[in-house]
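Worksheet for the structure shown next.
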Amino acid sequence: MAWWMVMTGRIKTRKRPTPFTLPDGFRLLPAYFSRATQQDLLETIRAGVRRAPLYRPVMPRTGKPLSVRMSNFGAFGWITSKEGYRYGKTHPATGKPWPPLPRALIDLWQDVSGWPDLPEACLINYYDQGARLGLHVDADENAINAPIVSVSLGDQALYRIGGQSRTDPTRSLRLSSGDVLILAGDARRCYHGVDRIYPGTSTLLPKGGRINLTMRVVGQTQ
Ligand code: MD3
Ligand code: FE
């Protein structure tokens, strides 16, 4: 082997991270909410889940339970069952309508979404220490071009976003309590998920864990 092959070998074979640009329409607003506002929001969520308790959704077909527990605010809620995913007007266990979308979340939507219509659904995800959410795309909304606005509360999460194809490279980001994420344009159609929660990284939830709220325009009438 010639000396220059030896010299360049390390450079040629060195493992480089896969290049990745955040998708168009991805916007993170770190610490959008103050601690006091996060606490107010938490009280509002607690009141909501007293009326519409968190439940453990199941995977379509297999009926395997997800590790994330869910509930909803708004005229419509995202629900899963063995029959599939859909938006429905009532809680699957109580049969009652979902609590209305809180004022603070409507204000947030109007401040950051840049979208003329109001969201009809807000999914509440609760992650305990071991919970995760596999890579997926959100595609059950008729309003596929409307943005999604998300709020993180409690422990930090390792969030992952990829491209529009499942095998596209992905990038991981840590989301913290009070962060707001806006997914518009291309980003709205990208694969994403939550790989893990970092226990003990926030004091907002006395028992730990993480809450994520996602507001969506559903574009559905019944
Ligand atoms: C990127 N929730 O509820 S929120 C979901 O942290 C969901 O609970 C995650 O994915 C969570 O469907 C992530 C941020 C989010 C929401 C929707 C997206 C990111 C997204 C849609 C497209 C791309
Ligand atoms: Fe999602």
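All residue names refer to the structure tokens as shown: chains lettered A, B, ... in order, residues numbered from 1 in each chain, ligands numbered from 1 in order.
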| request: Output as a PyMOL selection string all residues of range 70-165 of chain A that backbone DSSP marks as strand (DSSP E). | output: chain A and resi 70-73+77-81+84-88+121-127+133-136+148-154+156-161
| message | Going by DSSP on the backbone, which residues of range 26-202 of chain A come out as alpha helix (DSSP H)? List them as a PyMOL selection string. | response | chain A and resi 35-51+103-112
| task | Find the residues near range 115-123 of chain A: any atom within 9 Å, counting only C-alpha atoms, skip ones fewer than 4 places away on the same chain, and give them as JSON, numbers by chain. | result | {"A": [70, 71, 72, 73, 74, 75, 76, 77, 78, 87, 101, 105, 106, 109, 110, 146, 147, 148, 212, 213, 214, 215, 216, 217, 218, 219, 220]}
Given only C-alpha atoms and all ligand atoms, how would the per-residue table for chain A near ligand 2 read, listing every residue at most 8 Å away with its closest atom pair and distance in Å to one decimal, sorted by chain and number, as a Markdown table?
| residue | atom | partner | partner_atom_place_in_ligand_line | distance |
| --- | --- | --- | --- | --- |
| A:His136 | CA | ligand 2 | 1 (Fe) | 6.3 |
| A:Val137 | CA | ligand 2 | 1 (Fe) | 5.8 |
| A:Asp138 | CA | ligand 2 | 1 (Fe) | 5.0 |
| A:Tyr191 | CA | ligand 2 | 1 (Fe) | 7.8 |
| A:His192 | CA | ligand 2 | 1 (Fe) | 6.3 |
| A:Gly193 | CA | ligand 2 | 1 (Fe) | 6.6 |
| Selection within 9 Å of ligand 1 by only C-alpha atoms and all ligand atoms, output as a PyMOL selection string | chain A and resi 23+26+68+78+123-127+132-139+147-152+157-163+175+180-184+186-194+210-216
| remark: The residue from A:Pro92, A:Gly130, A:Pro30, A:Gly185 with the smallest atom-to-atom distance to Arg56 in chain A, counting only C-alpha atoms, is A:Pro92
